[in-house]
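Colleague: Structure in structure tokens, see below.
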Amino acid sequence: TKALSQCDEALQLDKTKVKAYFRKGQACQQLQEYELAIEAFNEVLKLEPDSREAQVQLKQSRNMRKALVDKEKKLYANMFKKLVAEEKGTNQPTPQTGSVSA
């Protein structure tokens, strides 16, 4: 997004711009890019270790990442259960309906 690219441009000019890292973290959260958000908030904390706002946002990003991973695990587990059930269903012999007499 535009906000993310502007933050990256600012950081190319000066790697010590705390506000740029903070805004980058926020932009990454909105894009559900939680790993990048975590990295950005960690950079804020390297430059300003006592930043309460960055600590809160870092914790929030970690929680959102965990929620997303848990959701994906559940989704994939259900998909695999369905596939296994379908496999078992197709591998079972079909019952005979009876014999045909002439």
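Identifiers in the structure tokens: chain A, B, ... in order shown; residue index from 1 per chain; ligand index from 1 in order shown.
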Do you know which residues are at most 8 Å from Cys7 (chain A) counting only C-alpha atoms, after dropping those on the same chain fewer than 3 positions away, and could you put them as a VMD selection string?

Modeller: chain A and resid 3 to 4 10 to 11 20 to 21 23 to 24

Colleague: Taking into account only C-alpha atoms, which residue in the set A:Glu9, A:Lys82, A:Gln60, A:Lys19 is nearest to Val44 (chain A)?

Modeller: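 Counting only C-alpha atoms, the residue closest to Val44 (chain A) is A:Lys19.
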
Colleague: Between A:Leu31, A:Arg62, A:Ala67, A:Lys15, which has the minimum distance to Glu43 (chain A) (counting only C-alpha atoms)?

Modeller: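 The shortest atom-to-atom distance to Glu43 (chain A) comes from A:Lys15.
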
Colleague: As a PyMOL selection string, please: every residue in region 11-100 of chain A that DSSP puts in alpha helix (DSSP H).

Modeller: chain A and resi 11-13+18-30+34-47+52-91

Colleague: CA of Val69 (chain A) and CA of Ser51 (chain A) are how many Å apart?

Modeller: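 Going from CA of Val69 (chain A) over to CA of Ser51 (chain A) covers 27.2 Å.
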
Colleague: How many Å separate CA of Lys74 (chain A) from CA of Ala40 (chain A)?

Modeller: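 Value for the CA of Lys74 (chain A)-CA of Ala40 (chain A) distance: 28.2 Å.
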
Colleague: Pick from A:Glu39, A:Val18, A:Lys66, A:Tyr76: nearest to Glu53 (chain A), with only C-alpha atoms counted?

Modeller: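 Checking each of A:Glu39, A:Val18, A:Lys66, A:Tyr76 against Glu53 (chain A), counting only C-alpha atoms, the winner is A:Val18.
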
Colleague: Take CA of Pro49 (chain A) and CA of Leu68 (chain A) and report the distance between them in Å, one decimal.

Modeller: 27.3 Å

Colleague: Excluding Arg65 (chain A) and any residue of its chain fewer than 4 positions from it, enumerate the residues within 8 Å of it, using only C-alpha atoms, and give them as a list in words.

Modeller: Tyr34, Glu35, Ser61 and Val69 of chain A
